[in-house]
file target-v5.txt (compact mmCIF, C-alpha atoms and all ligand atoms)
# COMPACT_ATOMS: atom_id res chain seq x y z
CA MET A 1 6.09 -1.51 7.61
CA ALA A 2 6.85 2.19 7.51
CA VAL A 3 3.86 4.45 8.02
CA ILE A 4 3.82 7.51 5.77
CA VAL A 5 1.81 10.72 5.89
CA GLU A 6 -1.48 11.03 4.03
CA ASN A 7 -0.51 13.30 1.08
CA LYS A 8 2.63 11.26 0.47
CA LEU A 9 0.47 8.16 0.53
CA ASN A 10 -1.97 9.58 -2.02
CA GLU A 11 0.95 10.45 -4.28
CA LEU A 12 2.27 6.93 -3.93
CA ILE A 13 -1.15 5.40 -4.65
CA GLY A 14 -1.34 7.48 -7.84
CA GLU A 15 2.03 6.15 -8.90
CA VAL A 16 1.25 2.51 -8.23
CA LYS A 17 -2.08 2.83 -10.05
CA LYS A 18 -0.18 4.02 -13.13
CA ILE A 19 2.21 1.08 -12.93
CA PHE A 20 -0.71 -1.30 -12.50
CA SER A 21 -2.51 0.25 -15.50
CA ASN A 22 0.53 -0.30 -17.69
CA HIS A 23 0.75 -3.90 -16.55
CA LEU A 24 -2.93 -4.53 -17.25
CA GLU A 25 -2.73 -2.91 -20.69
CA LYS A 26 0.42 -4.74 -21.65
CA ASN A 27 -1.19 -8.08 -20.83
CA SER A 28 -4.65 -7.17 -22.17
CA TYR A 29 -6.33 -7.59 -18.78
CA ARG A 30 -9.44 -5.60 -18.05
CA LYS A 31 -9.00 -2.41 -16.05
CA THR A 32 -11.89 -2.85 -13.65
CA PRO A 33 -12.57 -0.45 -10.76
CA GLU A 34 -12.50 -3.43 -8.36
CA ARG A 35 -8.88 -4.14 -9.20
CA TYR A 36 -7.91 -0.53 -8.45
CA SER A 37 -9.87 -0.54 -5.18
CA ILE A 38 -8.00 -3.64 -4.07
CA LEU A 39 -4.67 -2.03 -4.93
CA GLU A 40 -5.59 1.12 -3.04
CA GLU A 41 -6.74 -0.76 0.06
CA ILE A 42 -3.50 -2.74 0.09
CA TYR A 43 -1.49 0.49 -0.01
CA ARG A 44 -3.54 1.91 2.86
CA LYS A 45 -2.78 -1.12 5.01
CA ASN A 46 0.36 -1.22 7.10
CA ASP A 47 0.61 -4.89 7.85
CA HIS A 48 1.10 -8.30 6.34
CA PHE A 49 -2.08 -10.08 5.33
CA ASP A 50 -3.26 -13.27 3.69
CA ALA A 51 -5.63 -13.43 0.72
CA GLU A 52 -8.66 -14.37 2.81
CA GLY A 53 -7.96 -11.56 5.28
CA LEU A 54 -7.83 -9.09 2.40
CA TYR A 55 -11.14 -10.37 1.05
CA ILE A 56 -12.76 -9.89 4.47
CA HIS A 57 -11.21 -6.42 4.74
CA MET A 58 -12.71 -5.45 1.34
CA LYS A 59 -16.11 -6.76 2.44
CA ASN A 60 -15.90 -4.80 5.69
CA GLN A 61 -15.17 -1.65 3.69
CA ASN A 62 -18.36 -2.37 1.73
CA TYR A 63 -16.70 -3.07 -1.58
CA ARG A 64 -18.63 -5.43 -3.80
CA VAL A 65 -15.83 -7.74 -4.83
CA SER A 66 -15.81 -11.48 -5.21
CA ARG A 67 -13.29 -13.73 -3.54
CA ALA A 68 -11.99 -14.75 -6.99
CA THR A 69 -11.36 -11.12 -7.94
CA VAL A 70 -9.40 -10.52 -4.74
CA TYR A 71 -7.30 -13.64 -5.27
CA ASN A 72 -6.51 -13.04 -8.92
CA THR A 73 -5.86 -9.33 -8.45
CA LEU A 74 -3.35 -10.22 -5.75
CA GLU A 75 -1.54 -12.48 -8.21
CA LEU A 76 -1.49 -9.70 -10.82
CA LEU A 77 -0.03 -7.29 -8.26
CA VAL A 78 2.66 -9.79 -7.32
CA ASN A 79 3.52 -10.26 -11.00
CA CYS A 80 4.15 -6.56 -11.49
CA ASP A 81 6.13 -6.24 -8.22
CA LEU A 82 3.67 -3.93 -6.48
CA VAL A 83 3.01 -6.56 -3.84
CA THR A 84 5.42 -9.07 -2.34
CA LYS A 85 4.31 -12.57 -1.50
CA HIS A 86 5.93 -14.27 1.49
CA GLN A 87 5.88 -17.84 2.63
CA PHE A 88 6.53 -17.73 6.36
CA GLY A 89 7.05 -21.31 7.47
CA LYS A 90 3.99 -23.51 7.03
CA ASN A 91 1.57 -20.60 7.39
CA LEU A 92 -0.63 -19.39 4.54
CA ALA A 93 1.14 -17.15 2.05
CA GLN A 94 1.24 -13.57 3.30
CA TYR A 95 1.41 -10.42 1.27
CA GLU A 96 2.48 -6.81 1.70
CA LYS A 97 2.80 -3.69 -0.45
CA SER A 98 6.30 -3.23 -1.75
CA TYR A 99 6.59 -0.25 -4.10
CA GLY A 100 8.34 2.73 -2.52
CA PHE A 101 9.08 0.94 0.75
CA ARG A 102 12.43 0.09 2.17
CA GLN A 103 13.79 -3.38 1.76
CA HIS A 104 13.39 -5.30 5.00
CA ASP A 105 13.45 -8.77 6.48
CA HIS A 106 11.23 -10.62 8.92
CA LEU A 107 11.10 -12.30 12.32
CA ILE A 108 8.25 -14.77 12.68
CA CYS A 109 6.89 -16.13 15.95
CA VAL A 110 6.28 -19.86 15.57
CA ASP A 111 3.72 -19.79 18.40
CA CYS A 112 1.38 -16.93 17.50
CA GLY A 113 2.43 -16.13 13.93
CA GLU A 114 3.33 -12.53 14.76
CA VAL A 115 5.54 -11.03 12.03
CA LEU A 116 8.07 -8.34 12.93
CA GLU A 117 10.26 -6.45 10.50
CA PHE A 118 13.83 -5.34 10.65
CA CYS A 119 16.14 -3.52 8.31
CA ASP A 120 19.88 -4.02 8.54
CA PRO A 121 22.24 -2.61 5.88
CA ARG A 122 24.57 -5.56 6.42
CA VAL A 123 22.14 -7.74 4.46
CA GLN A 124 22.78 -5.55 1.40
CA GLN A 125 26.52 -5.80 2.02
CA ILE A 126 26.32 -9.59 2.07
CA LYS A 127 24.35 -9.55 -1.19
CA ASN A 128 26.92 -7.32 -2.87
CA MET A 129 29.85 -9.32 -1.58
CA MET A 130 28.47 -12.76 -2.42
CA GLY A 131 27.40 -11.54 -5.84
CA ASP A 132 30.95 -10.35 -6.51
CA ILE A 133 32.70 -13.42 -5.14
CA LEU A 134 30.47 -15.92 -6.93
CA SER A 135 29.86 -13.84 -10.09
CA PHE A 136 26.18 -13.95 -9.46
CA GLU A 137 23.63 -11.30 -10.28
CA ILE A 138 21.44 -11.29 -7.20
CA THR A 139 17.94 -10.12 -8.07
CA HIS A 140 16.13 -10.61 -4.77
CA HIS A 141 16.40 -12.37 -1.45
CA SER A 142 14.36 -13.81 1.33
CA LEU A 143 15.55 -13.83 4.94
CA ASN A 144 13.18 -15.06 7.62
CA LEU A 145 14.15 -15.56 11.25
CA TYR A 146 11.91 -17.87 13.27
CA GLY A 147 11.50 -18.09 17.01
CA LYS A 148 9.28 -17.20 19.93
CA CYS A 149 8.14 -13.67 20.64
CA MET A 150 8.19 -12.42 24.22
CA LYS A 151 4.73 -10.86 24.02
CA ILE A 152 2.47 -11.55 26.97
CA ALA A 153 -0.33 -11.76 24.42
CA CYS A 154 1.36 -14.67 22.70
CA ASP A 155 -1.64 -16.94 23.42
CA LYS A 156 -0.28 -20.36 22.73
CA ARG A 157 2.68 -19.76 24.95
CA LYS A 158 0.54 -18.48 27.82
CA ALA A 159 -1.57 -21.60 27.54
CA SER A 160 1.48 -23.80 27.85
CA LEU A 161 2.82 -22.11 31.01
ZN ZN B 1 4.27 -15.08 19.66
ZN ZN B 2 7.32 -7.04 5.72
call {"tool": "encode", "arguments": {"input": "target-v5.txt", "output": "structure tokens"}}
result
Amino acid sequence: MAVIVENKLNELIGEVKKIFSNHLEKNSYRKTPERYSILEEIYRKNDHFDAEGLYIHMKNQNYRVSRATVYNTLELLVNCDLVTKHQFGKNLAQYEKSYGFRQHDHLICVDCGEVLEFCDPRVQQIKNMMGDILSFEITHHSLNLYGKCMKIACDKRKASL
């Protein structure tokens, strides 16, 4: 996940809050401060996280939010494309911010669950080419590569040596 400088980040957070507001209004959902805090915290994070991890993060930041609010706000954010939901193998669903960030794909360690990102323009070329050849309007894609990371800290592997 690309790290961006603070004033750029604040600008981006303002933009995503506007998009979220429109989505909430359009669907007659309540615009509660908790929902905006969750959105902001997600955009200040630079990693992939699961719903429970986000709830714990909010608690650690002293926000008074319920688990249910965190879970349903996440779903709302996925529905308006501000957050992407990933299913990496059999692990819990993981999430990451998506607005204003470059398209990328993932490498997942099957031992420790580490998620790495890569960006290769050839993926876009394949999408364009296959869309043309098969007359298919490709709207999104998911490309996950699984394997074993070479980190010394990869605990399960160390244990098996
Ligand atoms: Zn690993
Ligand atoms: Zn990612």
call {"tool": "residues_around", "arguments": {"input": "target-v5.txt", "residues": "Ile19 in chain A", "least_positions_apart": "3", "cutoff": "10 Å", "atoms": "all atoms listed in the file", "output": "PDB file with C-alpha atoms, in the coordinates of the input"}}
result
ATOM      1  CA  ILE A  13      -1.150   5.400  -4.650  1.00  0.00           C
ATOM      2  CA  GLY A  14      -1.340   7.480  -7.840  1.00  0.00           C
ATOM      3  CA  GLU A  15       2.030   6.150  -8.900  1.00  0.00           C
ATOM      4  CA  VAL A  16       1.250   2.510  -8.230  1.00  0.00           C
ATOM      5  CA  ASN A  22       0.530  -0.300 -17.690  1.00  0.00           C
ATOM      6  CA  HIS A  23       0.750  -3.900 -16.550  1.00  0.00           C
ATOM      7  CA  LEU A  24      -2.930  -4.530 -17.250  1.00  0.00           C
ATOM      8  CA  LEU A  77      -0.030  -7.290  -8.260  1.00  0.00           C
ATOM      9  CA  CYS A  80       4.150  -6.560 -11.490  1.00  0.00           C
ATOM     10  CA  ASP A  81       6.130  -6.240  -8.220  1.00  0.00           C
ATOM     11  CA  LEU A  82       3.670  -3.930  -6.480  1.00  0.00           C
ATOM     12  CA  TYR A  99       6.590  -0.250  -4.100  1.00  0.00           C
TER      13      TYR A  99
END
call {"tool": "closest_atom_pairs", "arguments": {"input": "target-v5.txt", "of": "chain A", "to": "ligand ZN 1 (chain B)", "cutoff": "6 Å", "atoms": "only C-alpha atoms and all ligand atoms", "output": "JSON lines"}}
result
{"residue": "A:Cys109", "atom": "CA", "partner": "B:ZN1", "partner_atom": "ZN", "distance": 4.7}
{"residue": "A:Asp111", "atom": "CA", "partner": "B:ZN1", "partner_atom": "ZN", "distance": 4.9}
{"residue": "A:Cys112", "atom": "CA", "partner": "B:ZN1", "partner_atom": "ZN", "distance": 4.1}
{"residue": "A:Glu114", "atom": "CA", "partner": "B:ZN1", "partner_atom": "ZN", "distance": 5.6}
{"residue": "A:Lys148", "atom": "CA", "partner": "B:ZN1", "partner_atom": "ZN", "distance": 5.4}
{"residue": "A:Cys149", "atom": "CA", "partner": "B:ZN1", "partner_atom": "ZN", "distance": 4.2}
{"residue": "A:Cys154", "atom": "CA", "partner": "B:ZN1", "partner_atom": "ZN", "distance": 4.2}
call {"tool": "closest_residue", "arguments": {"input": "target-v5.txt", "among": "A:Leu145, A:Leu92, A:Met130, A:Ile4", "to": "Asp105 in chain A", "atoms": "all atoms listed in the file"}}
result
A:Leu145
call {"tool": "closest_atom_pairs", "arguments": {"input": "target-v5.txt", "of": "chain A", "to": "ligand ZN 2 (chain B)", "cutoff": "12 Å", "atoms": "only C-alpha atoms and all ligand atoms", "output": "CSV"}}
result
residue,atom,partner,partner_atom,distance
A:Met1,CA,B:ZN2,ZN,6.0
A:Ala2,CA,B:ZN2,ZN,9.4
A:Lys45,CA,B:ZN2,ZN,11.7
A:Asn46,CA,B:ZN2,ZN,9.2
A:Asp47,CA,B:ZN2,ZN,7.4
A:His48,CA,B:ZN2,ZN,6.4
A:Phe49,CA,B:ZN2,ZN,9.9
A:Val83,CA,B:ZN2,ZN,10.5
A:Thr84,CA,B:ZN2,ZN,8.5
A:Lys85,CA,B:ZN2,ZN,9.6
A:His86,CA,B:ZN2,ZN,8.5
A:Gln87,CA,B:ZN2,ZN,11.3
A:Phe88,CA,B:ZN2,ZN,10.7
A:Gln94,CA,B:ZN2,ZN,9.2
A:Tyr95,CA,B:ZN2,ZN,8.1
A:Glu96,CA,B:ZN2,ZN,6.3
A:Lys97,CA,B:ZN2,ZN,8.3
A:Ser98,CA,B:ZN2,ZN,8.4
A:Tyr99,CA,B:ZN2,ZN,12.0
A:Phe101,CA,B:ZN2,ZN,9.6
A:Arg102,CA,B:ZN2,ZN,9.5
A:Gln103,CA,B:ZN2,ZN,8.4
A:His104,CA,B:ZN2,ZN,6.4
A:Asp105,CA,B:ZN2,ZN,6.4
A:His106,CA,B:ZN2,ZN,6.2
A:Leu107,CA,B:ZN2,ZN,9.2
A:Ile108,CA,B:ZN2,ZN,10.4
A:Glu114,CA,B:ZN2,ZN,11.3
A:Val115,CA,B:ZN2,ZN,7.7
A:Leu116,CA,B:ZN2,ZN,7.4
A:Glu117,CA,B:ZN2,ZN,5.6
A:Phe118,CA,B:ZN2,ZN,8.3
A:Cys119,CA,B:ZN2,ZN,9.8
A:Ser142,CA,B:ZN2,ZN,10.7
A:Leu143,CA,B:ZN2,ZN,10.7
A:Asn144,CA,B:ZN2,ZN,10.1
call {"tool": "write_last_selection", "arguments": {"input": "target-v5.txt", "atoms": "C-alpha atoms", "output": "tab-separated table (two decimals), in the coordinates of the input"}}
result
chain	number	residue	atom	x	y	z
A	1	MET	CA	6.09	-1.51	7.61
A	2	ALA	CA	6.85	2.19	7.51
A	45	LYS	CA	-2.78	-1.12	5.01
A	46	ASN	CA	0.36	-1.22	7.10
A	47	ASP	CA	0.61	-4.89	7.85
A	48	HIS	CA	1.10	-8.30	6.34
A	49	PHE	CA	-2.08	-10.08	5.33
A	83	VAL	CA	3.01	-6.56	-3.84
A	84	THR	CA	5.42	-9.07	-2.34
A	85	LYS	CA	4.31	-12.57	-1.50
A	86	HIS	CA	5.93	-14.27	1.49
A	87	GLN	CA	5.88	-17.84	2.63
A	88	PHE	CA	6.53	-17.73	6.36
A	94	GLN	CA	1.24	-13.57	3.30
A	95	TYR	CA	1.41	-10.42	1.27
A	96	GLU	CA	2.48	-6.81	1.70
A	97	LYS	CA	2.80	-3.69	-0.45
A	98	SER	CA	6.30	-3.23	-1.75
A	99	TYR	CA	6.59	-0.25	-4.10
A	101	PHE	CA	9.08	0.94	0.75
A	102	ARG	CA	12.43	0.09	2.17
A	103	GLN	CA	13.79	-3.38	1.76
A	104	HIS	CA	13.39	-5.30	5.00
A	105	ASP	CA	13.45	-8.77	6.48
A	106	HIS	CA	11.23	-10.62	8.92
A	107	LEU	CA	11.10	-12.30	12.32
A	108	ILE	CA	8.25	-14.77	12.68
A	114	GLU	CA	3.33	-12.53	14.76
A	115	VAL	CA	5.54	-11.03	12.03
A	116	LEU	CA	8.07	-8.34	12.93
A	117	GLU	CA	10.26	-6.45	10.50
A	118	PHE	CA	13.83	-5.34	10.65
A	119	CYS	CA	16.14	-3.52	8.31
A	142	SER	CA	14.36	-13.81	1.33
A	143	LEU	CA	15.55	-13.83	4.94
A	144	ASN	CA	13.18	-15.06	7.62
call {"tool": "atom_distance", "arguments": {"input": "target-v5.txt", "atom1": "CA of Ile126 in chain A", "atom2": "CA of His140 in chain A"}}
result
12.3 Å
call {"tool": "closest_residue", "arguments": {"input": "target-v5.txt", "among": "A:Ser37, A:Asn79, A:Asn27, A:Asn7", "to": "His57 in chain A", "atoms": "all atoms listed in the file"}}
result
A:Ser37
call {"tool": "atom_distance", "arguments": {"input": "target-v5.txt", "atom1": "CA of Thr73 in chain A", "atom2": "CA of Ile38 in chain A"}}
result
7.5 Å
call {"tool": "closest_residue", "arguments": {"input": "target-v5.txt", "among": "A:Ile138, A:Lys127, A:Asp132, A:Gly113", "to": "Lys151 in chain A", "atoms": "all atoms listed in the file"}}
result
A:Gly113
call {"tool": "axis_aligned_box", "arguments": {"input": "target-v5.txt", "around": "range 48-61 of chain A", "padding_each_side": "6 Å", "output": "JSON"}}
result
{"center_x": -7.5, "center_y": -8.0, "center_z": 3.5, "size_x": 29.2, "size_y": 24.7, "size_z": 17.6}
call {"tool": "atom_distance", "arguments": {"input": "target-v5.txt", "atom1": "CA of Tyr43 in chain A", "atom2": "CA of Lys31 in chain A"}}
result
17.9 Å
call {"tool": "closest_residue", "arguments": {"input": "target-v5.txt", "among": "A:Leu12, A:Ala153, A:Leu134, A:Leu76", "to": "Arg30 in chain A", "atoms": "only C-alpha atoms"}}
result
A:Leu76
call {"tool": "closest_residue", "arguments": {"input": "target-v5.txt", "among": "A:Lys8, A:Arg35, A:Arg122, A:Lys18", "to": "Ala68 in chain A", "atoms": "all atoms listed in the file"}}
result
A:Arg35
call {"tool": "closest_residue", "arguments": {"input": "target-v5.txt", "among": "A:Asp50, A:Asn91, A:Gly100, A:Pro33", "to": "Thr69 in chain A", "atoms": "only C-alpha atoms"}}
result
A:Pro33
call {"tool": "build_atoms", "arguments": {"input": "target-v5.txt", "residues": "range 23-34 of chain A", "atoms": "all heavy atoms", "output": "tab-separated table (two decimals), in the coordinates of the input"}}
result
chain	number	residue	atom	x	y	z
A	23	HIS	N	0.67	-2.44	-16.60
A	23	HIS	CA	0.75	-3.90	-16.55
A	23	HIS	C	-0.51	-4.53	-17.12
A	23	HIS	O	-0.44	-5.49	-17.90
A	23	HIS	CB	0.98	-4.34	-15.11
A	23	HIS	CG	1.11	-5.83	-14.94
A	23	HIS	ND1	2.22	-6.54	-15.35
A	23	HIS	CD2	0.26	-6.74	-14.41
A	23	HIS	CE1	2.04	-7.82	-15.08
A	23	HIS	NE2	0.87	-7.98	-14.51
A	24	LEU	N	-1.66	-3.98	-16.76
A	24	LEU	CA	-2.93	-4.53	-17.25
A	24	LEU	C	-3.04	-4.37	-18.76
A	24	LEU	O	-3.44	-5.28	-19.48
A	24	LEU	CB	-4.11	-3.86	-16.54
A	24	LEU	CG	-4.25	-4.13	-15.04
A	24	LEU	CD1	-5.37	-3.31	-14.43
A	24	LEU	CD2	-4.48	-5.62	-14.77
A	25	GLU	N	-2.66	-3.17	-19.25
A	25	GLU	CA	-2.73	-2.91	-20.69
A	25	GLU	C	-1.81	-3.85	-21.46
A	25	GLU	O	-2.20	-4.45	-22.46
A	25	GLU	CB	-2.33	-1.47	-20.99
A	25	GLU	CG	-3.48	-0.50	-20.85
A	25	GLU	CD	-3.01	0.95	-20.83
A	25	GLU	OE1	-1.96	1.26	-21.47
A	25	GLU	OE2	-3.67	1.77	-20.16
A	26	LYS	N	-0.58	-3.93	-20.98
A	26	LYS	CA	0.42	-4.74	-21.65
A	26	LYS	C	-0.04	-6.19	-21.81
A	26	LYS	O	0.27	-6.86	-22.78
A	26	LYS	CB	1.73	-4.69	-20.85
A	26	LYS	CG	2.98	-4.81	-21.70
A	26	LYS	CD	4.23	-4.57	-20.86
A	26	LYS	CE	4.39	-5.66	-19.81
A	26	LYS	NZ	5.43	-5.34	-18.82
A	27	ASN	N	-0.76	-6.68	-20.80
A	27	ASN	CA	-1.19	-8.08	-20.83
A	27	ASN	C	-2.65	-8.26	-21.25
A	27	ASN	O	-3.21	-9.35	-21.12
A	27	ASN	CB	-0.97	-8.71	-19.46
A	27	ASN	CG	0.51	-8.79	-19.11
A	27	ASN	OD1	1.22	-9.63	-19.63
A	27	ASN	ND2	0.97	-7.88	-18.27
A	28	SER	N	-3.25	-7.17	-21.73
A	28	SER	CA	-4.65	-7.17	-22.17
A	28	SER	C	-5.62	-7.69	-21.10
A	28	SER	O	-6.55	-8.45	-21.40
A	28	SER	CB	-4.83	-8.02	-23.44
A	28	SER	OG	-3.81	-7.78	-24.35
A	29	TYR	N	-5.37	-7.28	-19.85
A	29	TYR	CA	-6.33	-7.59	-18.78
A	29	TYR	C	-7.27	-6.41	-18.66
A	29	TYR	O	-6.89	-5.27	-18.95
A	29	TYR	CB	-5.63	-7.78	-17.44
A	29	TYR	CG	-4.74	-8.99	-17.37
A	29	TYR	CD1	-3.40	-8.85	-17.04
A	29	TYR	CD2	-5.23	-10.27	-17.61
A	29	TYR	CE1	-2.57	-9.96	-16.95
A	29	TYR	CE2	-4.41	-11.38	-17.52
A	29	TYR	CZ	-3.08	-11.22	-17.19
A	29	TYR	OH	-2.26	-12.31	-17.11
A	30	ARG	N	-8.47	-6.68	-18.18
A	30	ARG	CA	-9.44	-5.60	-18.05
A	30	ARG	C	-9.09	-4.69	-16.89
A	30	ARG	O	-8.67	-5.14	-15.83
A	30	ARG	CB	-10.84	-6.18	-17.87
A	30	ARG	CG	-11.38	-6.78	-19.16
A	30	ARG	CD	-12.87	-7.00	-19.08
A	30	ARG	NE	-13.19	-7.80	-17.91
A	30	ARG	CZ	-14.20	-7.53	-17.09
A	30	ARG	NH1	-14.96	-6.47	-17.30
A	30	ARG	NH2	-14.44	-8.31	-16.05
A	31	LYS	N	-9.28	-3.38	-17.12
A	31	LYS	CA	-9.00	-2.41	-16.05
A	31	LYS	C	-10.29	-2.12	-15.30
A	31	LYS	O	-10.97	-1.13	-15.55
A	31	LYS	CB	-8.43	-1.13	-16.66
A	31	LYS	CG	-7.06	-1.34	-17.30
A	31	LYS	CD	-6.30	-0.05	-17.46
A	31	LYS	CE	-6.57	0.56	-18.81
A	31	LYS	NZ	-5.83	1.83	-18.97
A	32	THR	N	-10.63	-3.01	-14.39
A	32	THR	CA	-11.89	-2.85	-13.65
A	32	THR	C	-11.67	-2.02	-12.39
A	32	THR	O	-10.59	-2.05	-11.80
A	32	THR	CB	-12.46	-4.22	-13.24
A	32	THR	OG1	-11.53	-4.85	-12.36
A	32	THR	CG2	-12.66	-5.12	-14.46
A	33	PRO	N	-12.70	-1.26	-11.98
A	33	PRO	CA	-12.57	-0.45	-10.76
A	33	PRO	C	-12.25	-1.30	-9.53
A	33	PRO	O	-11.56	-0.86	-8.63
A	33	PRO	CB	-13.94	0.23	-10.62
A	33	PRO	CG	-14.82	-0.35	-11.66
A	33	PRO	CD	-13.98	-1.05	-12.66
A	34	GLU	N	-12.76	-2.56	-9.51
A	34	GLU	CA	-12.50	-3.43	-8.36
A	34	GLU	C	-11.00	-3.65	-8.18
A	34	GLU	O	-10.49	-3.64	-7.07
A	34	GLU	CB	-13.18	-4.81	-8.53
A	34	GLU	CG	-14.69	-4.78	-8.46
A	34	GLU	CD	-15.34	-4.31	-9.75
A	34	GLU	OE1	-14.66	-4.32	-10.81
A	34	GLU	OE2	-16.52	-3.91	-9.71
